[in-house]
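So this block is start37.cif, mmCIF, C-alpha atoms:
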```
data_start
loop_
_atom_site.group_PDB
_atom_site.id
_atom_site.type_symbol
_atom_site.label_atom_id
_atom_site.label_comp_id
_atom_site.auth_asym_id
_atom_site.auth_seq_id
_atom_site.Cartn_x
_atom_site.Cartn_y
_atom_site.Cartn_z
ATOM 1 C CA MET A 1 0.000 0.000 0.000
ATOM 2 C CA ALA A 2 2.760 2.384 0.997
ATOM 3 C CA ARG A 3 4.695 1.608 -2.136
ATOM 4 C CA ARG A 4 1.714 2.275 -4.369
ATOM 5 C CA LYS A 5 1.076 5.596 -2.760
ATOM 6 C CA SER A 6 4.619 6.818 -3.287
ATOM 7 C CA LYS A 7 4.546 5.644 -6.921
ATOM 8 C CA GLY A 8 1.314 7.531 -7.359
ATOM 9 C CA THR A 9 2.777 10.810 -6.172
ATOM 10 C CA ASP A 10 5.798 10.287 -8.429
ATOM 11 C CA LEU A 11 3.548 9.932 -11.446
ATOM 12 C CA ASP A 12 1.504 12.944 -10.453
ATOM 13 C CA GLY A 13 4.566 15.084 -10.353
ATOM 14 C CA ASP A 14 5.426 14.259 -13.981
ATOM 15 C CA MET A 15 1.937 14.599 -15.322
ATOM 16 C CA THR A 16 1.412 18.355 -15.630
ATOM 17 C CA PRO A 17 3.230 18.850 -18.977
ATOM 18 C CA MET A 18 1.551 15.758 -20.367
ATOM 19 C CA ILE A 19 -1.882 17.035 -19.404
ATOM 20 C CA ASP A 20 -1.007 20.366 -20.988
ATOM 21 C CA MET A 21 -0.107 18.614 -24.201
ATOM 22 C CA VAL A 22 -3.174 16.383 -24.120
ATOM 23 C CA PHE A 23 -5.379 19.424 -23.724
ATOM 24 C CA GLN A 24 -3.622 21.110 -26.610
ATOM 25 C CA LEU A 25 -4.192 18.053 -28.769
ATOM 26 C CA LEU A 26 -7.798 17.776 -27.633
ATOM 27 C CA ILE A 27 -8.501 21.384 -28.546
ATOM 28 C CA PHE A 28 -6.701 20.938 -31.872
ATOM 29 C CA PHE A 29 -8.834 17.962 -32.854
ATOM 30 C CA MET A 30 -12.027 19.554 -31.566
ATOM 31 C CA ILE A 31 -11.471 22.572 -33.777
ATOM 32 C CA LEU A 32 -10.557 20.461 -36.798
ATOM 33 C CA ILE A 33 -13.597 18.243 -36.544
ATOM 34 C CA ASN A 34 -16.272 19.016 -39.052
ATOM 35 C CA PHE A 35 -19.606 17.357 -38.482
ATOM 36 C CA ALA A 36 -21.035 18.952 -41.610
ATOM 37 C CA ASP A 37 -18.934 16.623 -43.712
ATOM 38 C CA ALA A 38 -20.525 13.629 -42.066
ATOM 39 C CA ASP A 39 -23.288 13.589 -44.683
ATOM 40 C CA GLN A 40 -20.834 13.366 -47.527
ATOM 41 C CA ASN A 41 -20.806 9.945 -48.983
ATOM 42 C CA ALA A 42 -17.455 8.220 -49.091
ATOM 43 C CA ARG A 43 -18.536 6.426 -52.270
ATOM 44 C CA VAL A 44 -18.465 9.700 -54.198
ATOM 45 C CA LYS A 45 -15.072 10.489 -55.704
ATOM 46 C CA LEU A 46 -15.367 14.072 -56.829
ATOM 47 C CA PRO A 47 -13.567 15.304 -59.927
ATOM 48 C CA GLU A 48 -10.656 17.622 -59.293
ATOM 49 C CA ASN A 49 -10.337 21.144 -60.521
ATOM 50 C CA ASP A 50 -7.763 23.853 -60.034
ATOM 51 C CA ILE A 51 -9.964 26.922 -60.271
ATOM 52 C CA VAL A 52 -12.762 26.169 -57.810
ATOM 53 C CA LYS A 53 -12.597 27.840 -54.432
ATOM 54 C CA PRO A 54 -14.444 26.806 -51.287
ATOM 55 C CA PRO A 55 -17.555 28.981 -50.992
ATOM 56 C CA GLU A 56 -17.135 31.827 -48.516
ATOM 57 C CA GLN A 57 -20.615 31.299 -47.146
ATOM 58 C CA PRO A 58 -22.912 28.312 -47.364
ATOM 59 C CA VAL A 59 -25.222 28.218 -50.369
ATOM 60 C CA PRO A 60 -28.696 29.321 -49.214
ATOM 61 C CA ASP A 61 -31.673 26.973 -49.647
ATOM 62 C CA ALA A 62 -29.510 24.224 -51.037
ATOM 63 C CA VAL A 63 -30.329 20.580 -51.542
ATOM 64 C CA THR A 64 -27.330 18.311 -51.851
ATOM 65 C CA LEU A 65 -27.653 15.561 -54.415
ATOM 66 C CA GLN A 66 -24.907 12.999 -54.583
ATOM 67 C CA ILE A 67 -24.355 10.619 -57.469
ATOM 68 C CA ALA A 68 -22.453 7.471 -56.588
ATOM 69 C CA LYS A 69 -21.804 4.086 -58.085
ATOM 70 C CA GLN A 70 -24.244 1.463 -56.868
ATOM 71 C CA GLU A 71 -22.625 -0.971 -54.505
ATOM 72 C CA GLY A 72 -21.413 -4.106 -56.241
ATOM 73 C CA LYS A 73 -22.258 -2.817 -59.697
ATOM 74 C CA ALA A 74 -19.834 -1.535 -62.312
ATOM 75 C CA ARG A 75 -21.959 0.793 -64.402
ATOM 76 C CA GLU A 76 -25.097 1.481 -62.414
ATOM 77 C CA TYR A 77 -25.337 4.770 -60.552
ATOM 78 C CA SER A 78 -27.715 6.028 -57.943
ATOM 79 C CA VAL A 79 -28.674 9.410 -56.513
ATOM 80 C CA LEU A 80 -28.495 10.149 -52.804
ATOM 81 C CA ILE A 81 -30.262 12.834 -50.797
ATOM 82 C CA GLY A 82 -28.894 12.412 -47.310
ATOM 83 C CA ALA A 83 -29.201 8.702 -46.596
ATOM 84 C CA ASP A 84 -32.060 8.276 -49.046
ATOM 85 C CA GLU A 85 -30.876 6.305 -52.063
ATOM 86 C CA PHE A 86 -32.612 6.410 -55.428
ATOM 87 C CA MET A 87 -31.460 3.477 -57.510
ATOM 88 C CA GLY A 88 -30.928 4.631 -61.042
ATOM 89 C CA GLU A 89 -33.420 5.908 -63.577
ATOM 90 C CA LYS A 90 -36.235 3.605 -62.553
ATOM 91 C CA ASP A 91 -36.353 5.452 -59.241
ATOM 92 C CA PHE A 92 -36.540 8.958 -60.707
ATOM 93 C CA LYS A 93 -40.268 9.249 -59.960
ATOM 94 C CA ARG A 94 -39.453 8.901 -56.285
ATOM 95 C CA LEU A 95 -36.555 11.363 -56.696
ATOM 96 C CA LYS A 96 -38.935 13.893 -58.241
ATOM 97 C CA ALA A 97 -41.307 13.404 -55.306
ATOM 98 C CA ALA A 98 -38.452 13.969 -52.844
ATOM 99 C CA LEU A 99 -37.402 17.143 -54.675
ATOM 100 C CA ASP A 100 -41.010 18.361 -54.726
ATOM 101 C CA LYS A 101 -41.085 17.870 -50.984
ATOM 102 C CA GLU A 102 -37.928 19.999 -50.570
ATOM 103 C CA VAL A 103 -39.398 22.718 -52.791
ATOM 104 C CA LYS A 104 -42.651 22.649 -50.830
ATOM 105 C CA PHE A 105 -40.720 22.982 -47.572
ATOM 106 C CA VAL A 106 -38.833 26.037 -48.850
ATOM 107 C CA LYS A 107 -42.100 27.534 -50.123
ATOM 108 C CA ASN A 108 -44.006 27.023 -46.898
ATOM 109 C CA GLU A 109 -41.306 27.645 -44.328
ATOM 110 C CA LYS A 110 -39.156 30.286 -45.978
ATOM 111 C CA LYS A 111 -41.653 31.847 -48.391
ATOM 112 C CA LYS A 112 -39.294 31.416 -51.289
ATOM 113 C CA SER A 113 -39.788 29.705 -54.625
ATOM 114 C CA ALA A 114 -37.994 26.845 -56.321
ATOM 115 C CA LYS A 115 -36.142 29.428 -58.417
ATOM 116 C CA ASP A 116 -34.296 30.613 -55.300
ATOM 117 C CA MET A 117 -33.108 27.126 -54.518
ATOM 118 C CA THR A 118 -29.814 25.579 -55.532
ATOM 119 C CA VAL A 119 -29.022 21.942 -56.114
ATOM 120 C CA ILE A 120 -25.490 21.114 -55.025
ATOM 121 C CA LEU A 121 -24.449 18.263 -57.249
ATOM 122 C CA ARG A 122 -21.736 16.027 -55.854
ATOM 123 C CA ALA A 123 -21.331 13.593 -58.686
ATOM 124 C CA ASP A 124 -18.723 10.860 -58.934
ATOM 125 C CA LYS A 125 -16.093 11.659 -61.534
ATOM 126 C CA ASP A 126 -16.827 8.553 -63.605
ATOM 127 C CA THR A 127 -20.589 9.099 -63.836
ATOM 128 C CA PRO A 128 -21.766 9.079 -67.457
ATOM 129 C CA ILE A 129 -22.852 12.591 -68.406
ATOM 130 C CA GLY A 130 -26.145 11.201 -69.715
ATOM 131 C CA PHE A 131 -27.087 10.128 -66.199
ATOM 132 C CA VAL A 132 -26.032 13.468 -64.692
ATOM 133 C CA ASN A 133 -28.082 15.224 -67.343
ATOM 134 C CA LYS A 134 -31.159 13.154 -66.475
ATOM 135 C CA VAL A 135 -30.731 14.045 -62.804
ATOM 136 C CA ILE A 136 -30.480 17.729 -63.772
ATOM 137 C CA HIS A 137 -33.577 17.272 -65.905
ATOM 138 C CA THR A 138 -35.463 15.785 -62.934
ATOM 139 C CA CYS A 139 -34.487 18.829 -60.860
ATOM 140 C CA GLN A 140 -35.730 21.105 -63.624
ATOM 141 C CA GLU A 141 -39.030 19.226 -63.568
ATOM 142 C CA ALA A 142 -39.276 20.334 -59.936
ATOM 143 C CA ASP A 143 -38.673 23.940 -61.164
ATOM 144 C CA ILE A 144 -35.147 24.148 -59.769
ATOM 145 C CA GLU A 145 -32.762 25.905 -62.130
ATOM 146 C CA ASN A 146 -29.676 26.814 -60.108
ATOM 147 C CA PHE A 147 -26.986 24.209 -59.935
ATOM 148 C CA ALA A 148 -23.679 24.112 -58.132
ATOM 149 C CA LEU A 149 -21.390 21.461 -59.555
ATOM 150 C CA ARG A 150 -19.008 20.485 -56.837
ATOM 151 C CA ALA A 151 -15.363 19.587 -57.368
ATOM 152 C CA THR A 152 -12.337 19.052 -55.176
ATOM 153 C CA ALA A 153 -10.123 22.110 -55.160
ATOM 154 C CA LYS A 154 -6.631 21.056 -56.236
ATOM 155 C CA VAL A 155 -4.096 23.673 -57.135
ATOM 156 C CA LYS A 156 -1.628 22.341 -59.659
ATOM 157 C CA MET B 1 4.647 27.977 0.532
ATOM 158 C CA LYS B 2 3.495 25.112 2.608
ATOM 159 C CA ARG B 3 -0.136 25.890 1.878
ATOM 160 C CA LYS B 4 0.434 25.991 -1.845
ATOM 161 C CA LYS B 5 2.040 22.584 -1.782
ATOM 162 C CA ASN B 6 -0.942 21.219 0.074
ATOM 163 C CA ASP B 7 -3.341 22.635 -2.514
ATOM 164 C CA GLU B 8 -1.347 21.129 -5.293
ATOM 165 C CA MET B 9 -1.461 17.733 -3.691
ATOM 166 C CA SER B 10 -5.228 17.793 -3.319
ATOM 167 C CA ALA B 11 -5.682 18.926 -6.919
ATOM 168 C CA LYS B 12 -3.539 16.046 -8.120
ATOM 169 C CA GLY B 13 -5.568 13.586 -6.142
ATOM 170 C CA ASP B 14 -8.702 14.525 -8.121
ATOM 171 C CA MET B 15 -7.078 14.497 -11.505
ATOM 172 C CA THR B 16 -7.100 10.812 -12.486
ATOM 173 C CA PRO B 17 -10.764 10.599 -13.625
ATOM 174 C CA MET B 18 -10.399 13.861 -15.489
ATOM 175 C CA ILE B 19 -7.338 12.618 -17.328
ATOM 176 C CA ASP B 20 -9.198 9.413 -18.176
ATOM 177 C CA MET B 21 -12.046 11.427 -19.651
ATOM 178 C CA VAL B 22 -9.727 13.752 -21.507
ATOM 179 C CA PHE B 23 -8.008 10.768 -23.083
ATOM 180 C CA GLN B 24 -11.372 9.296 -24.032
ATOM 181 C CA LEU B 25 -12.353 12.571 -25.668
ATOM 182 C CA LEU B 26 -9.003 12.844 -27.384
ATOM 183 C CA ILE B 27 -9.313 9.363 -28.846
ATOM 184 C CA PHE B 28 -12.891 10.093 -29.941
ATOM 185 C CA PHE B 29 -11.876 13.240 -31.783
ATOM 186 C CA ILE B 30 -8.853 11.568 -33.363
ATOM 187 C CA LEU B 31 -10.975 8.689 -34.649
ATOM 188 C CA THR B 32 -13.824 10.847 -35.965
ATOM 189 C CA LEU B 33 -11.462 13.231 -37.686
ATOM 190 C CA ASN B 34 -11.551 12.860 -41.424
ATOM 191 C CA ILE B 35 -9.473 15.226 -43.407
ATOM 192 C CA VAL B 36 -11.280 16.209 -46.586
ATOM 193 C CA ASP B 37 -9.838 18.266 -49.373
ATOM 194 C CA PRO B 38 -11.513 21.642 -49.734
ATOM 195 C CA GLU B 39 -14.361 21.608 -52.222
ATOM 196 C CA GLY B 40 -15.677 24.337 -54.468
ATOM 197 C CA ASP B 41 -18.583 24.874 -56.807
ATOM 198 C CA PHE B 42 -19.254 25.888 -60.372
ATOM 199 C CA TYR B 43 -22.532 27.751 -60.461
ATOM 200 C CA LEU B 44 -24.643 27.080 -63.530
ATOM 201 C CA ARG B 45 -28.071 28.383 -64.348
ATOM 202 C CA LEU B 46 -29.960 25.761 -66.310
ATOM 203 C CA PRO B 47 -33.594 26.772 -66.785
ATOM 204 C CA LYS B 48 -36.070 24.135 -67.867
ATOM 205 C CA PRO B 49 -36.141 23.875 -71.681
ATOM 206 C CA GLY B 50 -39.299 25.567 -72.957
ATOM 207 C CA SER B 51 -39.801 27.670 -69.826
ATOM 208 C CA ALA B 52 -40.229 31.444 -70.011
ATOM 209 C CA GLN B 53 -36.670 31.906 -68.773
ATOM 210 C CA ALA B 54 -35.289 29.630 -71.462
ATOM 211 C CA GLN B 55 -37.252 31.452 -74.144
ATOM 212 C CA GLU B 56 -35.907 34.756 -72.902
ATOM 213 C CA ASN B 57 -32.421 33.325 -73.256
ATOM 214 C CA ASP B 58 -33.219 32.358 -76.835
ATOM 215 C CA LEU B 59 -33.494 36.047 -77.696
ATOM 216 C CA MET B 60 -29.892 36.538 -76.604
ATOM 217 C CA PRO B 61 -27.030 36.132 -79.075
ATOM 218 C CA LYS B 62 -26.520 32.521 -80.035
ATOM 219 C CA PRO B 63 -24.256 30.715 -77.600
ATOM 220 C CA LEU B 64 -20.940 29.244 -78.654
ATOM 221 C CA ARG B 65 -21.186 25.499 -78.985
ATOM 222 C CA VAL B 66 -18.391 23.495 -77.373
ATOM 223 C CA THR B 67 -18.652 19.809 -78.169
ATOM 224 C CA LEU B 68 -16.871 17.016 -76.347
ATOM 225 C CA VAL B 69 -16.326 13.891 -78.415
ATOM 226 C CA SER B 70 -15.940 10.611 -76.574
ATOM 227 C CA ASN B 71 -15.422 6.946 -77.314
ATOM 228 C CA VAL B 72 -17.707 4.137 -76.126
ATOM 229 C CA ASP B 73 -15.795 3.830 -72.853
ATOM 230 C CA GLY B 74 -16.652 7.426 -72.021
ATOM 231 C CA ASP B 75 -13.145 8.792 -72.440
ATOM 232 C CA LEU B 76 -12.608 12.112 -74.122
ATOM 233 C CA GLN B 77 -11.330 11.917 -77.709
ATOM 234 C CA GLY B 78 -11.601 15.467 -78.914
ATOM 235 C CA VAL B 79 -12.933 18.949 -78.261
ATOM 236 C CA PHE B 80 -14.591 21.208 -80.792
ATOM 237 C CA VAL B 81 -15.044 24.915 -80.193
ATOM 238 C CA GLY B 82 -17.668 25.872 -82.728
ATOM 239 C CA ASP B 83 -16.504 23.774 -85.677
ATOM 240 C CA LYS B 84 -12.795 24.090 -84.910
ATOM 241 C CA ARG B 85 -11.018 21.067 -83.502
ATOM 242 C CA CYS B 86 -8.740 21.758 -80.547
ATOM 243 C CA LYS B 87 -5.286 20.319 -80.034
ATOM 244 C CA MET B 88 -4.867 17.476 -77.563
ATOM 245 C CA ARG B 89 -1.945 17.060 -75.189
ATOM 246 C CA THR B 90 -2.486 13.323 -74.822
ATOM 247 C CA SER B 91 -5.234 11.171 -76.323
ATOM 248 C CA THR B 92 -7.709 12.146 -73.557
ATOM 249 C CA ASP B 93 -6.255 15.426 -72.330
ATOM 250 C CA PRO B 94 -7.196 18.554 -74.265
ATOM 251 C CA ASP B 95 -4.722 21.401 -74.642
ATOM 252 C CA GLU B 96 -6.378 23.902 -72.326
ATOM 253 C CA ALA B 97 -4.520 26.892 -73.726
ATOM 254 C CA ASP B 98 -5.711 26.045 -77.240
ATOM 255 C CA VAL B 99 -9.337 25.659 -76.087
ATOM 256 C CA ARG B 100 -9.190 29.026 -74.324
ATOM 257 C CA ALA B 101 -7.566 30.695 -77.334
ATOM 258 C CA LYS B 102 -10.362 29.448 -79.605
ATOM 259 C CA VAL B 103 -13.043 30.525 -77.103
ATOM 260 C CA ARG B 104 -11.406 33.952 -76.847
ATOM 261 C CA ALA B 105 -11.343 34.256 -80.630
ATOM 262 C CA ALA B 106 -15.042 33.387 -80.824
ATOM 263 C CA MET B 107 -15.750 35.890 -78.056
ATOM 264 C CA GLY B 108 -13.946 38.602 -80.003
ATOM 265 C CA ASN B 109 -16.131 37.963 -83.042
ATOM 266 C CA ALA B 110 -19.391 37.763 -81.066
ATOM 267 C CA ALA B 111 -21.803 40.670 -80.935
ATOM 268 C CA GLY B 112 -23.035 42.007 -77.614
ATOM 269 C CA ALA B 113 -21.452 42.439 -74.202
ATOM 270 C CA LYS B 114 -18.734 40.120 -72.985
ATOM 271 C CA GLU B 115 -20.745 39.302 -69.873
ATOM 272 C CA ASP B 116 -23.614 38.007 -72.022
ATOM 273 C CA PHE B 117 -21.379 35.642 -73.941
ATOM 274 C CA GLU B 118 -22.548 32.121 -73.350
ATOM 275 C CA ILE B 119 -21.126 28.688 -73.947
ATOM 276 C CA GLU B 120 -23.296 25.716 -74.654
ATOM 277 C CA LEU B 121 -21.586 22.489 -73.702
ATOM 278 C CA GLY B 122 -22.579 19.411 -75.660
ATOM 279 C CA TRP B 123 -21.301 15.918 -76.200
ATOM 280 C CA GLY B 124 -21.056 13.719 -79.250
ATOM 281 C CA GLY B 125 -19.171 10.858 -80.851
ATOM 282 C CA PRO B 126 -19.762 7.146 -80.395
ATOM 283 C CA GLY B 127 -19.756 7.543 -76.598
ATOM 284 C CA ARG B 128 -22.178 10.478 -76.378
ATOM 285 C CA ALA B 129 -24.013 10.046 -73.086
ATOM 286 C CA THR B 130 -21.377 7.722 -71.628
ATOM 287 C CA LEU B 131 -18.816 10.545 -71.495
ATOM 288 C CA LYS B 132 -17.408 10.660 -67.983
ATOM 289 C CA TYR B 133 -18.491 13.583 -65.822
ATOM 290 C CA ARG B 134 -14.911 14.555 -64.984
ATOM 291 C CA TYR B 135 -14.204 15.598 -68.585
ATOM 292 C CA VAL B 136 -17.316 17.757 -68.650
ATOM 293 C CA LEU B 137 -16.445 19.416 -65.350
ATOM 294 C CA LYS B 138 -12.904 19.943 -66.535
ATOM 295 C CA MET B 139 -14.186 21.700 -69.635
ATOM 296 C CA VAL B 140 -16.536 23.800 -67.494
ATOM 297 C CA GLY B 141 -13.420 24.833 -65.562
ATOM 298 C CA VAL B 142 -11.370 25.563 -68.676
ATOM 299 C CA CYS B 143 -14.141 27.762 -70.079
ATOM 300 C CA THR B 144 -14.841 29.485 -66.742
ATOM 301 C CA GLY B 145 -11.347 30.806 -66.350
ATOM 302 C CA GLU B 146 -7.711 30.237 -65.725
ATOM 303 C CA ARG B 147 -5.633 30.240 -62.574
ATOM 304 C CA GLN B 148 -2.922 32.862 -62.789
ATOM 305 C CA PRO B 149 0.587 32.342 -61.399
ATOM 306 C CA ASP B 150 -0.269 34.678 -58.509
ATOM 307 C CA GLY B 151 -3.130 32.412 -57.456
ATOM 308 C CA THR B 152 -6.054 34.536 -58.633
ATOM 309 C CA VAL B 153 -8.547 33.269 -61.205
ATOM 310 C CA LYS B 154 -8.987 35.181 -64.433
ATOM 311 C CA THR B 155 -12.566 34.739 -65.598
ATOM 312 C CA LEU B 156 -13.163 33.874 -69.227
ATOM 313 C CA VAL B 157 -16.843 33.003 -69.678
ATOM 314 C CA GLU B 158 -19.429 33.517 -66.962
ATOM 315 C CA LYS B 159 -22.385 31.753 -68.513
ATOM 316 C CA ILE B 160 -22.173 28.089 -69.310
ATOM 317 C CA LYS B 161 -25.038 25.721 -69.982
ATOM 318 C CA PHE B 162 -25.537 22.136 -71.046
ATOM 319 C CA ILE B 163 -27.340 20.986 -74.149
ATOM 320 C CA GLN B 164 -30.375 19.008 -73.130
#
```
File written out as structure tokens:
Amino acid sequence: MARRKSKGTDLDGDMTPMIDMVFQLLIFFMILINFADADQNARVKLPENDIVKPPEQPVPDAVTLQIAKQEGKAREYSVLIGADEFMGEKDFKRLKAALDKEVKFVKNEKKKSAKDMTVILRADKDTPIGFVNKVIHTCQEADIENFALRATAKVK
Amino acid sequence: MKRKKNDEMSAKGDMTPMIDMVFQLLIFFILTLNIVDPEGDFYLRLPKPGSAQAQENDLMPKPLRVTLVSNVDGDLQGVFVGDKRCKMRTSTDPDEADVRAKVRAAMGNAAGAKEDFEIELGWGGPGRATLKYRYVLKMVGVCTGERQPDGTVKTLVEKIKFIQ
């Protein structure tokens, strides 16, 4: 018992700088953490571009649509709104309904129209343009006409 | 002096659970950290074909057609600005400077204000709709502007749309 106690005080004496460092690290990681990125799908590999800049303020009234490869399939793509997955073109009716719901929400809650809304498109770099175009077309059917095509900012 | 020492001792006695928690938090934040590259947007206005907005746009000077030609695998094979074929650096990599030069030339010939100049991006060739999105986005970037050596972006064309 006596031995343990003396060991304990020894450790305590050495701990202050370590605690300082641990707090520094803790604060560092807390500041770096970005929960907003949690809804970004890891399946989406964005194309790179050297002239895009991160937006200075978040896009107002935005709906984020992600286009990712379907799991286990080579050429099939699906659209994601949050965790909601729309499997390819056969699911576009449901996608339209989901977009209509977003538009209705903006209309009722914010008293704005679909024309004020922006679709942020996070499409995988290998998506066929025909599919992307059909997704854009579905958004246009819901009266949305502003699009933000997202890319990874890479300065050459 | 004696009192201070005493205080210190009592503070140390209480510290173990706190340090445990701090380590837990530290490990949590380290594990949940995911470093993502910064992302940016290209803003395009694509009104529904046939809508009032689209018809209004039809009254504007005719947009410059930029066509991306692809093979069946969806890889880029060539770029046409108007009817002029652009140089390629490799078989799938267009010569950006040449594309911009041709766009600039077309802009110089176009009537109306520079701000109203519009590019219409289309795709053709055996691949057509299979063309990979990255080539389209790259071309959107090339037509939007160019990064200068000092880090600023020099804008070329502000309005870009897709053929639908």
Considering all atoms listed in the file, return as a ChimeraX atom specification whatever protein or nucleic-acid residues lie within 9 Å of Met88 of chain B, sequence-local ones (same chain, fewer than 6 positions apart) excluded.
/B:77-79,94-96,98
Provide an axis-aligned box for all listed atoms of segment 41-54 of chain A, padding each side by 3 Å; report its centre and its edge lengths in Å to one decimal, as lines of an AutoDock Vina configuration file.
```
center_x = -14.3
center_y = 17.1
center_z = -54.8
size_x = 19.0
size_y = 27.4
size_z = 17.5
```
Rounded to one decimal in Å, what is the spacing between atom CA of Gly112 of chain B and atom CA of Gly145 of chain B?
19.7 Å
With a cut-off of 9 Å and counting only C-alpha atoms, select all residues of chain A in contact with chain B and give the selection as a ChimeraX atom specification.
/A:9,12-13,19,22-23,25-27,29-30,32-34,37,46-55,120-121,123-134,136-137,139-141,143-155
Residue nearest Gln66 of chain A among A:Met15, A:Val135, A:Ala98, A:Met21 (counting all atoms listed in the file):
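Using all atoms listed in the file, Gln66 of chain A sits closest to A:Val135.
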So which one's closest to Leu68 of chain B, B:Glu158, B:Asp83, B:Asp20, B:Asp150? Using all atoms listed in the file, please.
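Using all atoms listed in the file, Leu68 of chain B sits closest to B:Asp83.
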Interatomic distance, atom CA of Met107 of chain B to atom CA of Pro63 of chain B (Å, one decimal)
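Computing the Euclidean distance for atom CA of Met107 of chain B and atom CA of Pro63 of chain B yields 10.0 Å.
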Between B:Leu76, B:Ala110, B:Met60, B:Val66, single out the one closest to Ile160 of chain B, counting all atoms listed in the file.
B:Val66
Report the distance between atom CA of Gln70 of chain A and atom CA of Arg122 of chain A in Å, rounded to one decimal place.
14.8 Å
Please write as a compact mmCIF listing (two decimals) with C-alpha atoms, keeping the file's coordinate frame the full residue list that the PyMOL selection byres ((chain A and resi 80) around 8) yields on this file.
```txt
# COMPACT_ATOMS: atom_id res chain seq x y z
CA LEU A 65 -27.65 15.56 -54.42
CA GLN A 66 -24.91 13.00 -54.58
CA ILE A 67 -24.36 10.62 -57.47
CA ALA A 68 -22.45 7.47 -56.59
CA SER A 78 -27.72 6.03 -57.94
CA VAL A 79 -28.67 9.41 -56.51
CA ILE A 81 -30.26 12.83 -50.80
CA GLY A 82 -28.89 12.41 -47.31
CA ALA A 83 -29.20 8.70 -46.60
CA ASP A 84 -32.06 8.28 -49.05
CA GLU A 85 -30.88 6.30 -52.06
CA PHE A 86 -32.61 6.41 -55.43
```
Counting only C-alpha atoms, what is within 8 Å of Thr138 of chain A, bar same-chain residues fewer than 5 positions away, as a list in words?
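That gives Phe92, Leu95 and Lys96 of chain A.
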Completed segment 96-107 of chain B (N, CA and C atoms) as a CSV table (one decimal), keeping the file's coordinate frame:
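Full text of out_4.csv as output:
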```csv
chain,number,residue,atom,x,y,z
B,96,GLU,N,-5.5,22.9,-72.9
B,96,GLU,CA,-6.4,23.9,-72.3
B,96,GLU,C,-6.1,25.3,-72.9
B,97,ALA,N,-4.9,25.6,-73.2
B,97,ALA,CA,-4.5,26.9,-73.7
B,97,ALA,C,-5.1,27.1,-75.1
B,98,ASP,N,-5.1,26.0,-75.9
B,98,ASP,CA,-5.7,26.0,-77.2
B,98,ASP,C,-7.2,26.2,-77.2
B,99,VAL,N,-7.9,25.5,-76.2
B,99,VAL,CA,-9.3,25.7,-76.1
B,99,VAL,C,-9.7,27.1,-75.7
B,100,ARG,N,-8.9,27.7,-74.8
B,100,ARG,CA,-9.2,29.0,-74.3
B,100,ARG,C,-8.9,30.0,-75.4
B,101,ALA,N,-7.9,29.8,-76.2
B,101,ALA,CA,-7.6,30.7,-77.3
B,101,ALA,C,-8.7,30.7,-78.3
B,102,LYS,N,-9.3,29.5,-78.6
B,102,LYS,CA,-10.4,29.4,-79.6
B,102,LYS,C,-11.6,30.1,-79.1
B,103,VAL,N,-11.9,29.9,-77.7
B,103,VAL,CA,-13.0,30.5,-77.1
B,103,VAL,C,-12.9,32.0,-77.1
B,104,ARG,N,-11.7,32.5,-76.8
B,104,ARG,CA,-11.4,34.0,-76.8
B,104,ARG,C,-11.6,34.5,-78.2
B,105,ALA,N,-11.2,33.8,-79.3
B,105,ALA,CA,-11.3,34.3,-80.6
B,105,ALA,C,-12.8,34.4,-81.0
B,106,ALA,N,-13.6,33.4,-80.6
B,106,ALA,CA,-15.0,33.4,-80.8
B,106,ALA,C,-15.7,34.5,-80.1
B,107,MET,N,-15.2,34.8,-78.9
B,107,MET,CA,-15.8,35.9,-78.1
B,107,MET,C,-15.5,37.2,-78.7
```
